>>> print(open('coords_0.csv').read())   # CSV, C-alpha atoms and all ligand atoms
chain,number,residue,atom,x,y,z
A,1,MET,CA,0.0,0.0,0.0
A,2,THR,CA,1.4,3.5,-0.8
A,3,GLN,CA,0.7,6.6,1.2
A,4,PRO,CA,-0.2,9.9,-0.6
A,5,ASP,CA,2.8,12.2,-1.0
A,6,VAL,CA,5.3,9.5,0.1
A,7,PRO,CA,7.5,8.4,-2.8
A,8,ALA,CA,7.4,4.7,-3.4
A,9,PRO,CA,10.3,2.8,-1.8
A,10,GLU,CA,13.2,1.9,-4.2
A,11,ILE,CA,14.6,-1.6,-3.7
A,12,LEU,CA,18.3,-2.1,-4.5
A,13,LEU,CA,19.2,-5.8,-4.4
A,14,HIS,CA,22.7,-7.0,-3.7
A,15,ALA,CA,24.4,-10.4,-3.5
A,16,ASP,CA,25.2,-10.5,0.2
A,17,ALA,CA,25.9,-8.5,3.3
A,18,ASP,CA,29.3,-7.4,2.1
A,19,ALA,CA,27.9,-6.1,-1.1
A,20,VAL,CA,25.2,-4.2,0.8
A,21,ALA,CA,27.9,-2.6,3.1
A,22,GLU,CA,30.0,-1.7,0.1
A,23,ALA,CA,27.1,-0.2,-1.8
A,24,LEU,CA,26.1,1.8,1.2
A,25,ALA,CA,29.6,3.2,1.7
A,26,ALA,CA,29.9,4.2,-1.9
A,27,ARG,CA,26.4,5.8,-2.0
A,28,LEU,CA,27.0,7.7,1.2
A,29,LEU,CA,30.3,9.1,0.1
A,30,ALA,CA,28.8,10.2,-3.2
A,31,ARG,CA,25.8,11.9,-1.5
A,32,ILE,CA,27.9,13.7,1.1
A,33,THR,CA,30.3,14.9,-1.7
A,34,GLU,CA,27.3,16.1,-3.7
A,35,LEU,CA,25.8,17.9,-0.7
A,36,GLN,CA,29.1,19.6,0.2
A,37,GLY,CA,29.5,20.6,-3.4
A,38,GLY,CA,26.2,22.5,-3.0
A,39,GLY,CA,27.6,24.3,0.1
A,40,ARG,CA,25.7,22.3,2.6
A,41,VAL,CA,27.0,20.7,5.8
A,42,PRO,CA,25.4,17.3,5.4
A,43,GLN,CA,23.3,16.1,8.3
A,44,VAL,CA,23.6,12.3,8.5
A,45,CYS,CA,21.8,10.1,11.0
A,46,LEU,CA,23.5,6.8,11.7
A,47,THR,CA,22.0,3.4,12.7
A,48,GLY,CA,23.3,0.6,14.9
A,49,GLY,CA,23.3,-3.0,13.9
A,50,ARG,CA,25.7,-5.6,12.4
A,51,ILE,CA,25.3,-4.7,8.7
A,52,ALA,CA,25.7,-1.0,9.5
A,53,THR,CA,28.9,-1.6,11.4
A,54,ARG,CA,30.3,-3.4,8.4
A,55,ALA,CA,29.3,-0.5,6.2
A,56,TYR,CA,31.1,2.0,8.5
A,57,GLY,CA,34.3,-0.1,8.1
A,58,ARG,CA,34.0,0.3,4.4
A,59,LEU,CA,33.2,4.0,4.8
A,60,ALA,CA,36.3,4.5,7.0
A,61,ALA,CA,38.5,2.7,4.5
A,62,GLU,CA,37.2,4.5,1.4
A,63,GLY,CA,36.5,7.8,3.1
A,64,ARG,CA,40.2,8.6,3.6
A,65,SER,CA,40.9,9.0,-0.1
A,66,SER,CA,37.5,10.5,-1.0
A,67,ALA,CA,36.7,14.2,-1.8
A,68,VAL,CA,34.6,14.5,1.5
A,69,ASP,CA,35.6,17.2,3.9
A,70,TRP,CA,35.0,15.2,7.1
A,71,GLY,CA,35.3,18.2,9.3
A,72,ARG,CA,32.1,19.5,7.6
A,73,VAL,CA,29.8,16.5,8.2
A,74,GLU,CA,27.3,16.4,11.0
A,75,LEU,CA,26.6,13.0,12.5
A,76,TRP,CA,23.6,12.0,14.6
A,77,TRP,CA,22.2,8.7,15.9
A,78,GLY,CA,18.7,7.2,15.3
A,79,ASP,CA,18.8,5.2,18.5
A,80,GLU,CA,21.1,4.1,21.3
A,81,ARG,CA,21.2,1.5,24.1
A,82,PHE,CA,21.3,3.4,27.4
A,83,VAL,CA,24.4,1.7,28.7
A,84,PRO,CA,27.7,3.3,29.8
A,85,ALA,CA,29.9,5.2,27.2
A,86,GLY,CA,32.3,2.8,25.5
A,87,ASP,CA,30.2,-0.3,26.3
A,88,ASP,CA,30.3,-2.8,23.4
A,89,ASP,CA,26.5,-2.8,23.4
A,90,ARG,CA,26.3,0.9,22.4
A,91,ASN,CA,25.6,1.7,18.8
A,92,ASP,CA,28.0,4.6,18.8
A,93,ALA,CA,31.1,2.7,20.1
A,94,PRO,CA,32.1,0.9,16.9
A,95,VAL,CA,31.2,3.9,14.7
A,96,LEU,CA,33.3,6.3,16.6
A,97,GLU,CA,36.3,4.0,16.7
A,98,LEU,CA,36.0,3.4,12.9
A,99,LEU,CA,35.3,6.9,11.8
A,100,ARG,CA,37.4,9.0,14.1
A,101,PRO,CA,40.6,8.7,12.0
A,102,LEU,CA,38.7,10.5,9.2
A,103,GLY,CA,39.1,13.8,11.1
A,104,LEU,CA,35.5,14.4,12.2
A,105,ALA,CA,34.9,17.6,14.1
A,106,ALA,CA,34.0,16.7,17.7
A,107,GLU,CA,31.4,19.5,17.8
A,108,ARG,CA,29.6,18.0,14.8
A,109,VAL,CA,29.4,14.5,16.2
A,110,HIS,CA,26.2,14.0,18.3
A,111,PRO,CA,26.2,10.6,20.2
A,112,MET,CA,23.1,10.0,22.4
A,113,PRO,CA,23.7,10.4,26.1
A,114,ALA,CA,24.9,7.6,28.3
A,115,PRO,CA,23.9,7.0,32.0
A,116,ASP,CA,27.4,7.8,33.2
A,117,GLY,CA,26.7,11.4,32.2
A,118,GLY,CA,24.5,11.5,35.3
A,119,ALA,CA,21.1,12.0,33.7
A,120,GLY,CA,18.3,9.4,34.0
A,121,LEU,CA,16.7,8.0,30.9
A,122,ASP,CA,13.9,10.6,30.6
A,123,ASP,CA,16.3,13.5,31.0
A,124,ALA,CA,18.8,12.0,28.6
A,125,ALA,CA,16.1,11.6,25.9
A,126,ALA,CA,14.9,15.2,26.5
A,127,GLY,CA,18.5,16.4,26.4
A,128,TYR,CA,19.0,14.8,23.0
A,129,ALA,CA,15.7,16.3,21.7
A,130,SER,CA,17.1,19.8,22.6
A,131,GLU,CA,20.4,19.1,21.0
A,132,LEU,CA,18.6,17.9,17.9
A,133,GLY,CA,16.3,21.0,17.8
A,134,GLY,CA,14.7,21.1,14.4
A,135,THR,CA,17.4,19.3,12.5
A,136,ARG,CA,16.2,17.5,9.4
A,137,PHE,CA,18.6,14.8,8.1
A,138,ASP,CA,19.8,14.8,4.6
A,139,VAL,CA,20.2,11.0,4.9
A,140,CYS,CA,18.9,8.8,7.7
A,141,LEU,CA,20.3,5.3,7.8
A,142,LEU,CA,18.1,2.6,9.3
A,143,GLY,CA,18.4,-1.1,10.1
A,144,LEU,CA,15.4,-3.5,10.4
A,145,GLY,CA,15.1,-6.0,13.2
A,146,PRO,CA,13.7,-9.5,12.5
A,147,ASP,CA,10.6,-8.4,14.4
A,148,GLY,CA,10.2,-5.3,12.2
A,149,HIS,CA,11.7,-2.9,14.7
A,150,VAL,CA,13.4,0.2,13.4
A,151,ALA,CA,15.7,2.4,15.5
A,152,SER,CA,14.4,1.4,19.0
A,153,LEU,CA,10.8,1.5,18.0
A,154,PHE,CA,9.5,-1.9,18.7
A,155,PRO,CA,6.3,-3.6,17.4
A,156,GLU,CA,3.2,-3.4,19.6
A,157,HIS,CA,5.3,-1.6,22.3
A,158,PRO,CA,4.7,1.9,23.6
A,159,SER,CA,7.7,3.1,21.6
A,160,SER,CA,5.9,2.3,18.3
A,161,HIS,CA,3.3,5.0,18.9
A,162,ALA,CA,5.4,7.4,20.9
A,163,GLU,CA,4.8,11.1,20.3
A,164,GLY,CA,7.4,13.9,20.3
A,165,ARG,CA,10.8,13.8,18.7
A,166,VAL,CA,12.9,11.6,21.0
A,167,VAL,CA,11.5,8.8,23.2
A,168,ALA,CA,12.9,7.1,26.3
A,169,VAL,CA,12.3,3.4,25.7
A,170,ARG,CA,11.8,1.0,28.6
A,171,ASN,CA,11.4,-2.7,28.6
A,172,ALA,CA,12.6,-3.1,25.0
A,173,PRO,CA,11.9,-6.7,23.9
A,174,LYS,CA,15.5,-6.8,22.6
A,175,PRO,CA,18.2,-6.3,25.3
A,176,PRO,CA,19.4,-4.0,26.7
A,177,PRO,CA,15.9,-2.9,27.9
A,178,ASP,CA,16.6,0.9,28.3
A,179,ARG,CA,17.1,2.8,25.1
A,180,ILE,CA,16.7,6.2,23.5
A,181,SER,CA,15.1,6.5,20.1
A,182,LEU,CA,14.1,9.1,17.5
A,183,THR,CA,10.4,8.8,16.7
A,184,LEU,CA,9.0,8.4,13.2
A,185,GLU,CA,8.2,12.1,13.2
A,186,VAL,CA,11.9,12.9,13.1
A,187,ILE,CA,12.9,10.0,10.9
A,188,ASN,CA,10.2,10.9,8.3
A,189,ALA,CA,11.3,14.5,8.2
A,190,SER,CA,14.5,13.3,6.6
A,191,ALA,CA,15.1,14.1,2.9
A,192,GLU,CA,16.2,10.5,2.3
A,193,VAL,CA,15.8,7.3,4.4
A,194,TRP,CA,18.1,4.4,3.5
A,195,PHE,CA,17.4,1.0,5.0
A,196,LEU,CA,20.2,-1.5,5.0
A,197,VAL,CA,19.0,-5.1,5.6
A,198,SER,CA,20.7,-8.4,5.2
A,199,GLY,CA,20.0,-12.0,6.2
A,200,GLU,CA,17.3,-14.5,6.0
A,201,ASP,CA,16.1,-13.7,9.5
A,202,LYS,CA,15.0,-10.3,8.2
A,203,ALA,CA,13.1,-11.7,5.2
A,204,ASP,CA,9.6,-11.8,6.8
A,205,ALA,CA,9.9,-8.3,8.3
A,206,THR,CA,11.2,-6.9,5.0
A,207,ALA,CA,8.3,-8.4,3.1
A,208,LEU,CA,5.8,-7.0,5.6
A,209,ALA,CA,7.3,-3.6,5.7
A,210,LEU,CA,7.3,-3.3,1.9
A,211,GLN,CA,3.8,-4.5,1.5
A,212,GLY,CA,2.0,-2.0,3.7
A,213,ALA,CA,2.0,-3.4,7.2
A,214,GLY,CA,0.9,-0.9,9.9
A,215,PRO,CA,3.7,1.0,11.8
A,216,VAL,CA,2.6,-0.3,15.2
A,217,GLN,CA,2.8,-3.9,14.1
A,218,VAL,CA,5.9,-3.3,11.9
A,219,PRO,CA,7.6,0.0,12.8
A,220,GLY,CA,9.9,-0.3,9.8
A,221,ALA,CA,6.8,0.0,7.6
A,222,GLY,CA,6.2,3.5,8.8
A,223,ALA,CA,9.7,4.9,8.0
A,224,HIS,CA,10.3,6.8,4.8
A,225,GLY,CA,12.1,9.8,3.4
A,226,ARG,CA,10.4,13.0,2.1
A,227,SER,CA,12.0,12.6,-1.3
A,228,ARG,CA,13.5,9.1,-1.3
A,229,THR,CA,13.3,5.8,0.5
A,230,LEU,CA,15.9,3.3,-0.4
A,231,TRP,CA,16.0,-0.4,0.7
A,232,LEU,CA,19.4,-1.8,0.2
A,233,LEU,CA,18.8,-5.6,0.6
A,234,ASP,CA,20.8,-8.7,0.1
A,235,HIS,CA,19.2,-11.7,-1.6
A,236,ALA,CA,18.5,-13.4,1.7
A,237,ALA,CA,16.6,-10.4,3.1
A,238,ALA,CA,14.7,-10.1,-0.1
A,239,GLY,CA,13.8,-13.8,-0.2
A,240,ARG,CA,10.1,-13.4,0.8
A,241,LEU,CA,9.3,-10.4,-1.4
A,242,PRO,CA,6.7,-11.1,-4.1
A,243,PRO,CA,8.5,-11.6,-7.4
A,244,ASP,CA,7.3,-8.3,-8.9
A,245,LEU,CA,8.8,-6.3,-6.0
A,246,ALA,CA,12.0,-8.3,-5.9
A,247,GLN,CA,12.4,-8.1,-9.7
A,248,ARG,CA,12.2,-4.2,-9.6
A,249,GLY,CA,15.4,-4.0,-7.7
A,250,ARG,CA,17.5,-6.6,-9.5
A,251,PHE,CA,20.7,-5.3,-11.1
A,301,LIG,O1,19.0,-3.1,18.5
A,301,LIG,C1,19.1,-2.6,17.3
A,301,LIG,O2,18.9,-3.4,16.3
A,301,LIG,C2,18.6,-2.9,15.0
A,301,LIG,C3,18.9,-4.0,13.9
A,301,LIG,O3,20.2,-4.5,14.2
A,301,LIG,P1,20.8,-5.8,13.4
A,301,LIG,O4,22.1,-6.1,14.1
A,301,LIG,O5,19.8,-6.9,13.5
A,301,LIG,O6,21.1,-5.3,12.0
A,301,LIG,C4,19.4,-1.6,14.7
A,301,LIG,O7,19.0,-1.1,13.5
A,301,LIG,C5,19.3,-0.7,15.8
A,301,LIG,O8,20.0,0.5,15.6
A,301,LIG,C6,19.8,-1.3,17.1
A,301,LIG,O9,19.7,-0.5,18.2
>>> encode(input="coords_0.csv", output="structure tokens")
Amino acid sequence: MTQPDVPAPEILLHADADAVAEALAARLLARITELQGGGRVPQVCLTGGRIATRAYGRLAAEGRSSAVDWGRVELWWGDERFVPAGDDDRNDAPVLELLRPLGLAAERVHPMPAPDGGAGLDDAAAGYASELGGTRFDVCLLGLGPDGHVASLFPEHPSSHAEGRVVAVRNAPKPPPDRISLTLEVINASAEVWFLVSGEDKADATALALQGAGPVQVPGAGAHGRSRTLWLLDHAAAGRLPPDLAQRGRF
């Protein structure tokens, strides 16, 4: 089912997880370069997840010799696990380690707060909302959980119908239970939303999200960009799409 004024999702099919990671890195470098060429400081929202972490490795490797001015890129996070800074469970830890050698400007990197900063979960979420202000992302990267969760918005959970811009998530069905997440309001204000999804365990959720499931049942179904929504999939994740949809993205 398509919604009025929301561009139809574009499916980009790749052989495997490595190919998705490589494609994401190449596409992001090209988009950042293009935005900087137009005089803009690109606003990029990052996701956690296994495939994203692979993609950041590629980005770090290829980013060094690219035309991107890394000091003029603004980085945000779509969700975070509310565990201490540096904890392996945090979404920002591997990204920061991988990308720091690129010469990012510290004041343009916006990790979500950690409990060791002293704030409780609600204050931490409110603090990120103020830091974010009215920022609209040029590109918002998203993973998709096997249950259809996106960022830390979980199916049939209070987070899936949260209001406001940033939500404090408790009792997440996937550990750790305490998290911070952007809401669909913020995600859907992005110019472009790019999903990166790999693996057979994501095939059902991918098929539901791309065939008009409701955002409370499948939060990933409710996420889209204002001008573009890309789904970078590997064959395994695309395995349960109806042939006409899967065929559209084959190259
Ligand atoms: O918990 C999370 O999971 C999703 C999906 O992660 P994956 O490892 O199954 O790809 C991720 O998008 C989200 O940022 C993260 O907090």
>>> residues_around(input="coords_0.csv", residues="Arg179 in chain A", least_positions_apart="3", cutoff="7 Å", atoms="all atoms listed in the file", output="PDB file with C-alpha atoms, in the frame of the given file")
ATOM      1  CA  GLU A  80      21.100   4.100  21.300  1.00  0.00           C
ATOM      2  CA  ARG A  81      21.200   1.500  24.100  1.00  0.00           C
ATOM      3  CA  PHE A  82      21.300   3.400  27.400  1.00  0.00           C
ATOM      4  CA  SER A 152      14.400   1.400  19.000  1.00  0.00           C
ATOM      5  CA  ALA A 168      12.900   7.100  26.300  1.00  0.00           C
ATOM      6  CA  VAL A 169      12.300   3.400  25.700  1.00  0.00           C
ATOM      7  CA  ARG A 170      11.800   1.000  28.600  1.00  0.00           C
TER       8      ARG A 170
END
>>> closest_atom_pairs(input="coords_0.csv", of="chain A", to="ligand LIG 301 (chain A)", cutoff="10 Å", atoms="only C-alpha atoms and all ligand atoms", output="JSON lines")
{"residue": "A:Leu46", "atom": "CA", "partner": "A:LIG301", "partner_atom": "O8", "distance": 8.2}
{"residue": "A:Thr47", "atom": "CA", "partner": "A:LIG301", "partner_atom": "O8", "distance": 4.6}
{"residue": "A:Gly48", "atom": "CA", "partner": "A:LIG301", "partner_atom": "O8", "distance": 3.4}
{"residue": "A:Gly49", "atom": "CA", "partner": "A:LIG301", "partner_atom": "O4", "distance": 3.3}
{"residue": "A:Arg50", "atom": "CA", "partner": "A:LIG301", "partner_atom": "O4", "distance": 4.0}
{"residue": "A:Ile51", "atom": "CA", "partner": "A:LIG301", "partner_atom": "O6", "distance": 5.4}
{"residue": "A:Ala52", "atom": "CA", "partner": "A:LIG301", "partner_atom": "O6", "distance": 6.8}
{"residue": "A:Thr53", "atom": "CA", "partner": "A:LIG301", "partner_atom": "O4", "distance": 8.6}
{"residue": "A:Trp77", "atom": "CA", "partner": "A:LIG301", "partner_atom": "O8", "distance": 8.5}
{"residue": "A:Gly78", "atom": "CA", "partner": "A:LIG301", "partner_atom": "O8", "distance": 6.8}
{"residue": "A:Asp79", "atom": "CA", "partner": "A:LIG301", "partner_atom": "O8", "distance": 5.7}
{"residue": "A:Glu80", "atom": "CA", "partner": "A:LIG301", "partner_atom": "O9", "distance": 5.7}
{"residue": "A:Arg81", "atom": "CA", "partner": "A:LIG301", "partner_atom": "O9", "distance": 6.4}
{"residue": "A:Asp89", "atom": "CA", "partner": "A:LIG301", "partner_atom": "O9", "distance": 8.9}
{"residue": "A:Arg90", "atom": "CA", "partner": "A:LIG301", "partner_atom": "O9", "distance": 7.9}
{"residue": "A:Asn91", "atom": "CA", "partner": "A:LIG301", "partner_atom": "O9", "distance": 6.3}
{"residue": "A:Asp92", "atom": "CA", "partner": "A:LIG301", "partner_atom": "O8", "distance": 9.5}
{"residue": "A:Leu141", "atom": "CA", "partner": "A:LIG301", "partner_atom": "O7", "distance": 8.7}
{"residue": "A:Leu142", "atom": "CA", "partner": "A:LIG301", "partner_atom": "O7", "distance": 5.7}
{"residue": "A:Gly143", "atom": "CA", "partner": "A:LIG301", "partner_atom": "O7", "distance": 3.5}
{"residue": "A:Leu144", "atom": "CA", "partner": "A:LIG301", "partner_atom": "C3", "distance": 5.0}
{"residue": "A:Gly145", "atom": "CA", "partner": "A:LIG301", "partner_atom": "C3", "distance": 4.4}
{"residue": "A:Pro146", "atom": "CA", "partner": "A:LIG301", "partner_atom": "O5", "distance": 6.7}
{"residue": "A:Asp147", "atom": "CA", "partner": "A:LIG301", "partner_atom": "O5", "distance": 9.4}
{"residue": "A:Gly148", "atom": "CA", "partner": "A:LIG301", "partner_atom": "C3", "distance": 9.0}
{"residue": "A:His149", "atom": "CA", "partner": "A:LIG301", "partner_atom": "C2", "distance": 6.9}
{"residue": "A:Val150", "atom": "CA", "partner": "A:LIG301", "partner_atom": "O7", "distance": 5.7}
{"residue": "A:Ala151", "atom": "CA", "partner": "A:LIG301", "partner_atom": "O8", "distance": 4.7}
{"residue": "A:Ser152", "atom": "CA", "partner": "A:LIG301", "partner_atom": "O9", "distance": 5.7}
{"residue": "A:Leu153", "atom": "CA", "partner": "A:LIG301", "partner_atom": "C5", "distance": 9.1}
{"residue": "A:Phe154", "atom": "CA", "partner": "A:LIG301", "partner_atom": "O1", "distance": 9.6}
{"residue": "A:Ala172", "atom": "CA", "partner": "A:LIG301", "partner_atom": "O1", "distance": 9.1}
{"residue": "A:Pro173", "atom": "CA", "partner": "A:LIG301", "partner_atom": "O1", "distance": 9.6}
{"residue": "A:Lys174", "atom": "CA", "partner": "A:LIG301", "partner_atom": "O1", "distance": 6.5}
{"residue": "A:Pro175", "atom": "CA", "partner": "A:LIG301", "partner_atom": "O1", "distance": 7.6}
{"residue": "A:Pro176", "atom": "CA", "partner": "A:LIG301", "partner_atom": "O1", "distance": 8.3}
{"residue": "A:Pro177", "atom": "CA", "partner": "A:LIG301", "partner_atom": "O1", "distance": 9.9}
{"residue": "A:Arg179", "atom": "CA", "partner": "A:LIG301", "partner_atom": "O9", "distance": 8.1}
{"residue": "A:Ile180", "atom": "CA", "partner": "A:LIG301", "partner_atom": "O9", "distance": 9.1}
{"residue": "A:Ser181", "atom": "CA", "partner": "A:LIG301", "partner_atom": "O9", "distance": 8.6}
{"residue": "A:Phe195", "atom": "CA", "partner": "A:LIG301", "partner_atom": "O7", "distance": 8.9}
{"residue": "A:Leu196", "atom": "CA", "partner": "A:LIG301", "partner_atom": "O6", "distance": 8.0}
{"residue": "A:Val197", "atom": "CA", "partner": "A:LIG301", "partner_atom": "O6", "distance": 6.7}
{"residue": "A:Ser198", "atom": "CA", "partner": "A:LIG301", "partner_atom": "O6", "distance": 7.5}
{"residue": "A:Gly199", "atom": "CA", "partner": "A:LIG301", "partner_atom": "O5", "distance": 8.9}
{"residue": "A:Asp201", "atom": "CA", "partner": "A:LIG301", "partner_atom": "O5", "distance": 8.7}
{"residue": "A:Lys202", "atom": "CA", "partner": "A:LIG301", "partner_atom": "O5", "distance": 7.9}
{"residue": "A:Gly220", "atom": "CA", "partner": "A:LIG301", "partner_atom": "O7", "distance": 9.9}
>>> closest_residue(input="coords_0.csv", among="A:Val216, A:Ile11, A:Leu24, A:Val41", to="His157 in chain A", atoms="all atoms listed in the file")
A:Val216
>>> atom_distance(input="coords_0.csv", atom1="CA of Ala25 in chain A", atom2="CA of Tyr56 in chain A")
7.1 Å
>>> atom_distance(input="coords_0.csv", atom1="CA of Arg136 in chain A", atom2="CA of Asp87 in chain A")
28.3 Å
>>> closest_residue(input="coords_0.csv", among="A:Ala93, A:Glu156, A:Ala105, A:Gly164", to="Ala126 in chain A", atoms="only C-alpha atoms")
A:Gly164
>>> closest_residue(input="coords_0.csv", among="A:Asp123, A:Arg58, A:Arg228, A:Asp138", to="Leu35 in chain A", atoms="only C-alpha atoms")
A:Asp138
>>> atom_distance(input="coords_0.csv", atom1="CA of Arg108 in chain A", atom2="CA of Phe137 in chain A")
13.3 Å
>>> closest_residue(input="coords_0.csv", among="A:Ser66, A:Ala236, A:Trp76, A:Ala26", to="Leu182 in chain A", atoms="only C-alpha atoms")
A:Trp76
>>> closest_residue(input="coords_0.csv", among="A:Val68, A:Leu121, A:Leu210, A:Cys140", to="Val186 in chain A", atoms="only C-alpha atoms")
A:Cys140
>>> closest_residue(input="coords_0.csv", among="A:Ala213, A:Val139, A:Ala61, A:Leu96", to="Thr229 in chain A", atoms="only C-alpha atoms")
A:Val139
>>> build_atoms(input="coords_0.csv", residues="range 104-121 of chain A", atoms="N, CA and C atoms", output="compact mmCIF listing (two decimals), keeping the file's coordinate frame")
# COMPACT_ATOMS: atom_id res chain seq x y z
N LEU A 104 36.81 13.77 11.88
CA LEU A 104 35.50 14.40 12.20
C LEU A 104 35.70 15.52 13.16
N ALA A 105 34.87 16.53 13.09
CA ALA A 105 34.90 17.60 14.10
C ALA A 105 34.09 17.23 15.28
N ALA A 106 34.71 17.22 16.46
CA ALA A 106 34.00 16.70 17.70
C ALA A 106 32.68 17.43 17.88
N GLU A 107 32.64 18.75 17.58
CA GLU A 107 31.40 19.50 17.80
C GLU A 107 30.29 19.14 16.85
N ARG A 108 30.65 18.42 15.80
CA ARG A 108 29.60 18.00 14.80
C ARG A 108 29.22 16.56 14.98
N VAL A 109 29.71 15.90 15.99
CA VAL A 109 29.40 14.50 16.20
C VAL A 109 28.46 14.46 17.46
N HIS A 110 27.28 13.89 17.31
CA HIS A 110 26.20 14.00 18.30
C HIS A 110 25.79 12.60 18.82
N PRO A 111 26.64 11.90 19.61
CA PRO A 111 26.20 10.60 20.20
C PRO A 111 25.05 10.87 21.16
N MET A 112 24.19 9.89 21.34
CA MET A 112 23.10 10.00 22.40
C MET A 112 23.75 9.86 23.73
N PRO A 113 23.14 10.46 24.76
CA PRO A 113 23.70 10.40 26.10
C PRO A 113 23.82 8.99 26.66
N ALA A 114 24.73 8.83 27.61
CA ALA A 114 24.90 7.60 28.30
C ALA A 114 24.59 7.81 29.79
N PRO A 115 24.25 6.76 30.55
CA PRO A 115 23.90 7.00 32.00
C PRO A 115 25.01 7.52 32.80
N ASP A 116 26.26 7.28 32.40
CA ASP A 116 27.40 7.80 33.20
C ASP A 116 27.52 9.29 33.09
N GLY A 117 26.74 9.92 32.22
CA GLY A 117 26.70 11.40 32.20
C GLY A 117 25.92 11.95 33.33
N GLY A 118 25.22 11.10 34.06
CA GLY A 118 24.50 11.50 35.30
C GLY A 118 23.00 11.67 35.10
N ALA A 119 22.54 11.80 33.85
CA ALA A 119 21.10 12.00 33.70
C ALA A 119 20.39 10.63 33.65
N GLY A 120 19.16 10.61 34.13
CA GLY A 120 18.30 9.40 34.00
C GLY A 120 17.83 9.32 32.55
N LEU A 121 17.13 8.23 32.27
CA LEU A 121 16.70 8.00 30.90
C LEU A 121 15.82 9.07 30.30
